[in-house]
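Data from protein_6.txt: compact mmCIF, C-alpha atoms
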```txt
# COMPACT_ATOMS: atom_id res chain seq x y z
CA LYS F 292 28.27 -4.40 -8.81
CA SER F 293 28.11 -4.75 -5.04
CA ARG F 294 25.06 -3.36 -3.28
CA GLY F 295 26.45 -3.74 0.21
CA VAL F 296 27.67 -0.16 0.51
CA SER F 297 24.31 1.32 -0.44
CA HIS F 298 22.61 -0.82 2.18
CA LEU F 299 24.89 0.23 5.03
CA ARG F 300 25.58 3.81 4.00
CA PRO F 301 22.60 5.77 2.68
CA SER F 302 23.20 7.85 -0.42
CA VAL F 303 23.74 11.60 -0.20
CA GLN F 304 20.13 12.12 -1.33
CA MET F 305 18.88 9.67 1.28
CA ARG F 306 20.89 11.31 4.07
CA SER F 307 19.39 14.66 3.06
CA VAL F 308 15.87 13.21 3.33
CA LEU F 309 16.69 11.79 6.75
CA ARG F 310 18.04 15.11 8.01
CA ILE F 311 14.95 17.01 6.83
CA PHE F 312 12.65 14.35 8.24
CA SER F 313 14.40 14.47 11.63
CA ARG F 314 14.11 18.27 11.77
CA ARG F 315 10.41 18.12 10.90
CA LEU F 316 9.75 15.60 13.66
CA ALA F 317 11.75 17.66 16.14
CA THR F 318 9.74 20.80 15.38
CA GLY F 319 6.39 19.02 15.26
CA THR F 320 5.91 19.71 11.56
CA ALA F 321 5.28 16.05 10.76
CA VAL F 322 1.61 16.08 11.59
CA ALA F 323 -0.46 12.94 11.37
CA PHE F 324 -3.32 14.01 9.12
CA THR F 325 -3.58 15.54 5.72
CA GLY F 326 -5.79 17.44 3.94
CA VAL F 327 -8.47 19.00 2.47
CA ALA F 328 -9.52 20.61 5.74
CA GLY F 329 -6.52 19.99 7.98
CA SER F 330 -5.99 17.83 11.01
CA ALA F 331 -7.99 19.99 13.43
CA VAL F 332 -11.30 19.13 11.77
CA TRP F 333 -10.29 15.82 10.18
CA TRP F 334 -12.86 13.86 12.18
CA LYS F 335 -15.61 16.46 12.22
CA ALA F 336 -17.79 14.49 9.82
CA GLN F 337 -17.72 11.48 12.14
CA ALA F 338 -20.04 13.21 14.59
CA GLU F 339 -22.23 14.72 11.88
CA SER F 340 -22.64 11.73 9.57
CA LYS F 341 -25.74 9.56 9.68
CA VAL F 342 -24.22 6.85 7.49
CA ASP F 343 -24.81 3.26 8.60
CA TYR F 344 -21.20 2.09 8.35
CA ALA F 345 -22.06 -1.48 9.34
CA ALA F 346 -24.34 -1.65 6.32
CA VAL F 347 -21.65 -0.11 4.12
CA LYS F 348 -19.18 -2.77 5.26
CA LYS F 349 -21.66 -5.52 4.41
CA ASP F 350 -22.30 -4.09 0.97
CA ILE F 351 -18.56 -3.89 0.27
CA ALA F 352 -18.07 -7.48 1.48
CA ASP F 353 -20.84 -8.64 -0.86
CA LEU F 354 -18.98 -7.16 -3.83
CA LEU F 355 -15.68 -8.93 -3.23
CA ASP F 356 -16.62 -12.25 -4.84
CA SER F 357 -19.28 -10.88 -7.19
CA ASN F 358 -17.27 -11.69 -10.32
CA LEU F 359 -15.32 -14.94 -10.11
CA ASP F 360 -13.82 -14.28 -13.55
CA TYR F 361 -11.89 -11.23 -12.29
CA ASP F 362 -8.24 -12.05 -11.64
CA ASP F 363 -8.13 -14.81 -9.01
CA GLY F 364 -11.85 -14.64 -8.25
CA SER F 365 -11.89 -11.69 -5.87
CA TYR F 366 -11.90 -7.91 -6.01
CA GLY F 367 -10.33 -7.89 -2.55
CA PRO F 368 -6.72 -7.27 -3.61
CA VAL F 369 -7.56 -4.36 -5.91
CA LEU F 370 -9.59 -2.70 -3.12
CA VAL F 371 -6.58 -2.96 -0.81
CA ARG F 372 -4.44 -1.40 -3.52
CA LEU F 373 -6.94 1.46 -3.92
CA ALA F 374 -6.87 2.21 -0.20
CA TRP F 375 -3.08 2.12 -0.16
CA HIS F 376 -2.49 4.22 -3.28
CA SER F 377 -5.06 6.83 -2.29
CA SER F 378 -3.32 7.24 1.08
CA GLY F 379 0.33 6.70 0.21
CA THR F 380 0.80 10.09 -1.46
CA PHE F 381 1.07 11.87 1.90
CA SER F 382 4.09 14.05 2.66
CA VAL F 383 5.09 15.08 6.17
CA PHE F 384 7.10 17.92 4.63
CA ASP F 385 4.15 19.96 3.38
CA ASN F 386 1.12 18.07 4.74
CA THR F 387 -0.26 17.35 1.26
CA GLY F 388 -1.63 14.17 -0.24
CA GLY F 389 -3.00 11.31 1.82
CA SER F 390 -6.33 9.66 2.42
CA CYS F 391 -8.42 12.82 2.62
CA GLY F 392 -9.68 14.14 -0.68
CA ALA F 393 -10.05 10.99 -2.83
CA THR F 394 -8.20 13.01 -5.45
CA MET F 395 -7.67 9.94 -7.65
CA ARG F 396 -11.06 10.81 -9.11
CA PHE F 397 -9.27 13.58 -11.00
CA LYS F 398 -6.35 13.98 -13.36
CA PRO F 399 -3.38 13.96 -13.12
CA GLU F 400 -3.61 11.43 -10.26
CA SER F 401 -6.11 9.17 -12.02
CA ALA F 402 -3.77 9.02 -15.02
CA ASP F 403 -0.64 8.28 -12.97
CA PRO F 404 0.81 5.03 -14.40
CA ALA F 405 1.26 3.83 -10.80
CA ASN F 406 -2.54 3.85 -10.49
CA ALA F 407 -3.26 1.89 -13.67
CA GLY F 408 -6.11 -0.54 -13.16
CA LEU F 409 -7.53 1.16 -10.09
CA ASP F 410 -10.48 2.40 -12.11
CA VAL F 411 -11.74 -1.18 -11.63
CA ALA F 412 -11.90 -0.65 -7.87
CA ARG F 413 -13.29 2.86 -8.07
CA ASN F 414 -16.05 1.81 -10.46
CA LEU F 415 -16.87 -1.24 -8.34
CA LEU F 416 -17.57 0.98 -5.34
CA GLU F 417 -19.70 3.54 -7.19
CA PRO F 418 -23.04 1.79 -6.40
CA VAL F 419 -22.13 1.83 -2.70
CA LYS F 420 -21.39 5.57 -2.88
CA ALA F 421 -24.72 6.17 -4.63
CA LYS F 422 -26.58 4.17 -1.97
CA TYR F 423 -25.08 6.21 0.88
CA PRO F 424 -24.90 9.85 -0.27
CA GLY F 425 -23.48 11.00 3.08
CA LEU F 426 -20.48 8.73 2.66
CA SER F 427 -17.34 10.41 1.33
CA TYR F 428 -15.26 8.73 -1.35
CA SER F 429 -12.27 9.05 0.97
CA ASP F 430 -14.01 7.04 3.67
CA LEU F 431 -15.39 4.55 1.17
CA TRP F 432 -12.03 3.79 -0.43
CA THR F 433 -10.20 3.35 2.86
CA LEU F 434 -12.99 1.28 4.38
CA GLY F 435 -13.04 -0.86 1.24
CA GLY F 436 -9.42 -1.82 1.82
CA CYS F 437 -10.05 -2.65 5.48
CA VAL F 438 -13.09 -4.80 4.70
CA ALA F 439 -11.17 -6.63 1.99
CA ILE F 440 -8.25 -7.42 4.32
CA GLU F 441 -10.54 -8.78 7.00
CA GLU F 442 -12.69 -10.77 4.55
CA MET F 443 -9.58 -12.39 3.09
CA GLY F 444 -8.49 -13.64 6.50
CA GLY F 445 -6.37 -10.73 7.64
CA PRO F 446 -6.46 -8.71 10.84
CA LYS F 447 -9.26 -6.32 11.72
CA ILE F 448 -8.20 -2.74 10.97
CA ASP F 449 -9.34 -0.08 13.43
CA TRP F 450 -11.01 2.16 10.84
CA ARG F 451 -12.87 5.37 11.64
CA PRO F 452 -14.82 7.75 9.38
CA GLY F 453 -14.52 11.48 8.90
CA ARG F 454 -12.44 12.05 5.75
CA MET F 455 -13.69 14.75 3.40
CA ASP F 456 -13.47 14.84 -0.39
CA ALA F 457 -11.69 17.38 -2.57
CA LYS F 458 -13.69 19.27 -5.16
CA CYS F 459 -11.29 19.24 -8.12
CA GLY F 460 -7.96 18.08 -9.49
CA HIS F 461 -6.13 21.13 -8.19
CA CYS F 462 -5.88 19.25 -4.90
CA CYS F 463 -4.05 16.28 -6.46
CA PRO F 464 -0.61 15.62 -5.02
CA PRO F 465 2.35 15.59 -7.41
CA VAL F 466 2.63 12.50 -9.59
CA GLY F 467 5.54 10.28 -8.63
CA ARG F 468 5.05 9.90 -4.89
CA LEU F 469 4.26 6.18 -4.97
CA PRO F 470 7.03 3.56 -4.88
CA ASP F 471 8.83 2.51 -8.07
CA ALA F 472 9.14 -1.29 -8.02
CA SER F 473 12.37 -1.19 -10.03
CA ARG F 474 14.31 0.73 -7.39
CA ASN F 475 16.38 -0.09 -4.30
CA ALA F 476 16.19 0.21 -0.52
CA ASP F 477 17.20 3.88 -0.53
CA HIS F 478 14.23 4.63 -2.76
CA LEU F 479 11.83 2.75 -0.48
CA ARG F 480 13.09 4.72 2.50
CA ALA F 481 12.80 8.03 0.67
CA VAL F 482 9.17 7.27 -0.26
CA PHE F 483 8.04 5.87 3.07
CA TYR F 484 10.02 8.21 5.33
CA ARG F 485 8.26 11.03 3.46
CA MET F 486 5.03 9.54 4.85
CA GLY F 487 6.50 9.29 8.35
CA MET F 488 7.01 5.52 8.25
CA SER F 489 9.78 3.53 9.92
CA ASP F 490 11.82 0.62 8.51
CA LYS F 491 9.64 -1.82 10.43
CA GLU F 492 6.49 -0.26 9.03
CA ILE F 493 7.89 -0.37 5.48
CA VAL F 494 8.43 -4.12 5.81
CA ALA F 495 5.03 -4.74 7.40
CA LEU F 496 3.23 -2.87 4.60
CA SER F 497 5.24 -4.82 2.02
CA GLY F 498 3.54 -7.93 3.36
CA ALA F 499 0.38 -6.85 1.52
CA HIS F 500 2.05 -8.29 -1.58
CA VAL F 501 0.65 -11.58 -0.39
CA LEU F 502 -2.51 -10.37 -2.12
CA GLY F 503 -3.24 -10.09 -5.81
CA ARG F 504 -0.91 -10.10 -8.77
CA CYS F 505 0.90 -7.81 -11.20
CA HIS F 506 -0.50 -7.22 -14.68
CA LYS F 507 1.71 -6.65 -17.70
CA ASP F 508 -0.80 -4.20 -19.17
CA ARG F 509 -0.79 -2.10 -15.98
CA SER F 510 2.56 -2.06 -14.20
CA GLY F 511 4.52 -3.95 -16.86
CA TYR F 512 5.25 -6.72 -14.36
CA ASP F 513 3.49 -10.05 -14.50
CA GLY F 514 2.28 -12.68 -12.06
CA PRO F 515 1.37 -13.31 -8.41
CA TRP F 516 3.74 -13.34 -5.44
CA VAL F 517 2.14 -16.41 -3.85
CA ARG F 518 -0.14 -19.28 -4.84
CA SER F 519 -3.00 -18.12 -2.60
CA PRO F 520 -3.34 -14.47 -3.67
CA THR F 521 -6.77 -13.95 -2.12
CA THR F 522 -5.79 -15.12 1.37
CA PHE F 523 -4.06 -12.76 3.79
CA SER F 524 -1.16 -14.48 5.54
CA ASN F 525 2.60 -14.25 6.11
CA GLU F 526 3.26 -16.42 3.05
CA TYR F 527 4.91 -13.52 1.19
CA PHE F 528 7.71 -13.42 3.75
CA LYS F 529 8.03 -17.20 3.81
CA ARG F 530 8.38 -17.34 0.04
CA LEU F 531 11.02 -14.61 0.07
CA TYR F 532 13.20 -16.79 2.30
CA ASP F 533 12.45 -20.37 1.26
CA THR F 534 12.53 -19.92 -2.53
CA LYS F 535 15.48 -19.65 -4.86
CA TRP F 536 14.69 -16.54 -6.88
CA THR F 537 16.35 -16.00 -10.24
CA ILE F 538 16.06 -13.26 -12.85
CA ARG F 539 13.29 -13.94 -15.33
CA GLU F 540 14.37 -13.92 -18.96
CA TRP F 541 11.56 -12.19 -20.83
CA ASP F 542 10.65 -9.05 -22.75
CA GLY F 543 9.44 -7.17 -19.66
CA PRO F 544 11.13 -5.24 -16.86
CA LEU F 545 13.48 -6.87 -14.37
CA GLN F 546 11.64 -9.25 -12.08
CA TYR F 547 12.43 -12.53 -10.37
CA GLN F 548 10.85 -15.97 -10.68
CA ASN F 549 10.76 -19.18 -8.67
CA PRO F 550 12.04 -22.50 -10.11
CA GLU F 551 8.51 -23.48 -11.18
CA LYS F 552 8.15 -20.11 -12.98
CA ASP F 553 4.65 -19.49 -11.63
CA LEU F 554 5.49 -16.90 -8.95
CA MET F 555 7.39 -13.64 -9.08
CA MET F 556 9.09 -11.02 -6.94
CA LEU F 557 9.83 -7.41 -7.82
CA PRO F 558 13.22 -5.74 -7.34
CA THR F 559 11.84 -3.87 -4.32
CA ASP F 560 10.63 -7.18 -2.84
CA MET F 561 14.15 -8.56 -3.02
CA GLU F 562 15.44 -5.46 -1.23
CA ILE F 563 13.34 -6.48 1.77
CA ILE F 564 15.64 -9.44 2.41
CA ARG F 565 18.87 -7.96 0.99
CA ASP F 566 18.89 -4.87 3.16
CA PRO F 567 20.02 -5.93 6.66
CA LEU F 568 17.79 -3.42 8.46
CA PHE F 569 14.70 -4.52 6.55
CA ALA F 570 15.64 -8.21 6.68
CA LYS F 571 15.46 -8.54 10.45
CA TYR F 572 11.78 -7.64 10.37
CA ALA F 573 11.05 -9.76 7.30
CA LYS F 574 12.61 -12.76 9.03
CA GLU F 575 10.51 -12.15 12.14
CA TYR F 576 7.33 -12.00 10.08
CA ALA F 577 8.24 -15.14 8.14
CA GLU F 578 8.53 -16.99 11.43
CA ASP F 579 5.66 -15.37 13.36
CA GLU F 580 2.39 -14.66 11.54
CA ASN F 581 0.78 -13.22 14.68
CA ALA F 582 3.53 -10.60 14.91
CA PHE F 583 2.99 -9.71 11.26
CA PHE F 584 -0.78 -9.40 11.65
CA LYS F 585 -0.39 -7.19 14.73
CA ASP F 586 2.13 -4.85 13.09
CA PHE F 587 0.30 -4.77 9.77
CA ALA F 588 -3.00 -3.80 11.41
CA ALA F 589 -1.27 -0.93 13.21
CA VAL F 590 0.59 0.43 10.20
CA PHE F 591 -2.34 0.07 7.79
CA LYS F 592 -4.46 2.10 10.20
CA LYS F 593 -1.69 4.69 10.26
CA LEU F 594 -1.47 4.69 6.46
CA ILE F 595 -5.18 5.28 5.86
CA GLU F 596 -5.22 8.10 8.41
CA LEU F 597 -2.43 10.05 6.71
```
If you took the structure in this file and wrote it as C-alpha cells, what would it be?
Amino acid sequence: KSRGVSHLRPSVQMRSVLRIFSRRLATGTAVAFTGVAGSAVWWKAQAESKVDYAAVKKDIADLLDSNLDYDDGSYGPVLVRLAWHSSGTFSVFDNTGGSCGATMRFKPESADPANAGLDVARNLLEPVKAKYPGLSYSDLWTLGGCVAIEEMGGPKIDWRPGRMDAKCGHCCPPVGRLPDASRNADHLRAVFYRMGMSDKEIVALSGAHVLGRCHKDRSGYDGPWVRSPTTFSNEYFKRLYDTKWTIREWDGPLQYQNPEKDLMMLPTDMEIIRDPLFAKYAKEYAEDENAFFKDFAAVFKKLIEL
C-alpha cells in the first residue's frame, strides 16, 4: 500500500487538527505555559526559591554513572525520557498537561504504558528532592534531563526554575497524549502540533533517540538506535540515511533492523525520512551536527517550558 498520498495530503483528522491549531494561534489561545498555576505566575517561585541549583546540577550529574550495570552504564537517557514525557503531555487547546505539576507521581499518568520504566528515573532523583526541600519535582525532573544531555556531550539547555507541583492525580492530563511509535507521520503531527511544535521541531526532538534503548518489557520494542547510546550526537540521523533498514522478523511489534541486527528503528523513526517535509530537516541534521545541536537546544527548552 502506497504511503505517498498520506505524506502529501494530510488526513481529514489531521486537517481538522491543523485548522483548530491555526485558529488558536490566531486568537492567542495557544499560550506557552501550562499549569497548575497558569502562565502569569509560572516563574514566581524563581524569585522566592533559595535552592542552590548549581549544587542540584552537580548532585544529578554524580548520579548518572552511579550504576554501571544499568542499561548501557548510564542513567542519562532515562532522565532525558523523564523530562520529555513529563512535559510532552501539554495541549495548546486547553492549556493542560506539560512540565508544571509533575503529575506522573500519580495515577493514571504513572500507570500509562507510555511511561513504563520511568519509575527508575523518578526513584533515582528522590534523594536529590529530599536534600533540597524547596525544589519542586517539576523543576527537578526537567533539570535532570538538561543535565543528562549536557553530561553526555550534548548542547547546554537554557533551563530556568519556577515550576510548581500538583497536589493530586486529579491534575493528571488524559492518558494517550504521548506519541505511539507504531504510527505514521500524520500521528506525529497531531501529537506535536497539539503541543505547538513545528515540523522542524518534531524532527529535532526525534534526534534524542540517539540516546538509550527500547526495552521489550516496557514498550514492547527492543534494542538501541545507535552503537553509542550514552553519547549525544547526530548519529541517529546519520544511521537513518546510511543504513539499509529491513523489517525484523520476531515475535514483537513492527520494528526495523540493520544488516548486523544489533540496531533498530521504530516505525515513527522511519517516517522521519519517508515524509518529504520531515526528511529535509533530517538530512540537514545528518550533515550538520552543529545545526542539530542548536535546534535541539532551542526546542528542548521550549518543550520543558510547556
Shell of 9 Å around Ile595 (chain F), only C-alpha atoms, local chain residues under 2 positions omitted, as a ChimeraX atom specification: /F:374-375,377-379,389-391,433-434,450,590-593,597
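All residues of protein, DNA or RNA that reach within 7 Å of region 470-485 of chain F, judged by all atoms listed in the file and not counting those fewer than 2 positions away in the chain, are Pro301, Met305, Val308, Ser382, Val383, Arg468, Gly487, Met488, Ser489, Ile493, Leu557, Pro558, Thr559, Glu562 and Asp566 of chain F.
Distances here use only C-alpha atoms; by that measure, the residue among F:Ala577, F:Cys505, F:Leu426, F:Leu496 closest to Lys529 (chain F) is F:Ala577.
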I'd like a table as JSON lines: residues in region 460-520 of chain F with an atom no more than 10 Å from region 362-366 of chain F, each row giving the shortest atom pair and its distance in Å to one decimal, all atoms listed in the file counted, sorted by chain and rising residue number.
```
{"residue": "F:Leu502", "atom": "CA", "partner": "F:Asp363", "partner_atom": "CA", "distance": 9.9}
{"residue": "F:Gly503", "atom": "CA", "partner": "F:Asp363", "partner_atom": "CA", "distance": 7.5}
{"residue": "F:Arg504", "atom": "CA", "partner": "F:Asp362", "partner_atom": "CA", "distance": 8.1}
{"residue": "F:His506", "atom": "CA", "partner": "F:Asp362", "partner_atom": "CA", "distance": 9.6}
{"residue": "F:Pro515", "atom": "CA", "partner": "F:Asp363", "partner_atom": "CA", "distance": 9.6}
{"residue": "F:Ser519", "atom": "CA", "partner": "F:Asp363", "partner_atom": "CA", "distance": 8.9}
{"residue": "F:Pro520", "atom": "CA", "partner": "F:Asp363", "partner_atom": "CA", "distance": 7.2}
```
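Neighbouring residues of region 568-572 of chain F at 9 Å or closer, counting all atoms listed in the file and skipping chain neighbours under 2 positions away, are F:His298, F:Leu299, F:Ala476, F:Asp490, F:Lys491, F:Ile493, F:Val494, F:Ala495, F:Glu562, F:Ile563, F:Ile564, F:Arg565, F:Asp566, F:Lys574, F:Glu575, F:Tyr576, F:Ala577.
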Could you tell me how far CA of Lys349 (chain F) lies from CA of Arg451 (chain F), in Å and to one decimal? 15.8 Å
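If you measure from each of F:Thr537, F:Ser510, F:Thr522, F:Thr387 to Pro404 (chain F) using all atoms listed in the file, the closest one turns out to be F:Ser510.
Closest approach to Asp356 (chain F) among F:Glu442, F:Cys459, F:Asn386, F:Glu417: F:Glu442, based on all atoms listed in the file.
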Distance of CA of Gly367 (chain F) from CA of Ala439 (chain F), expressed in Å to one decimal place: 4.8 Å
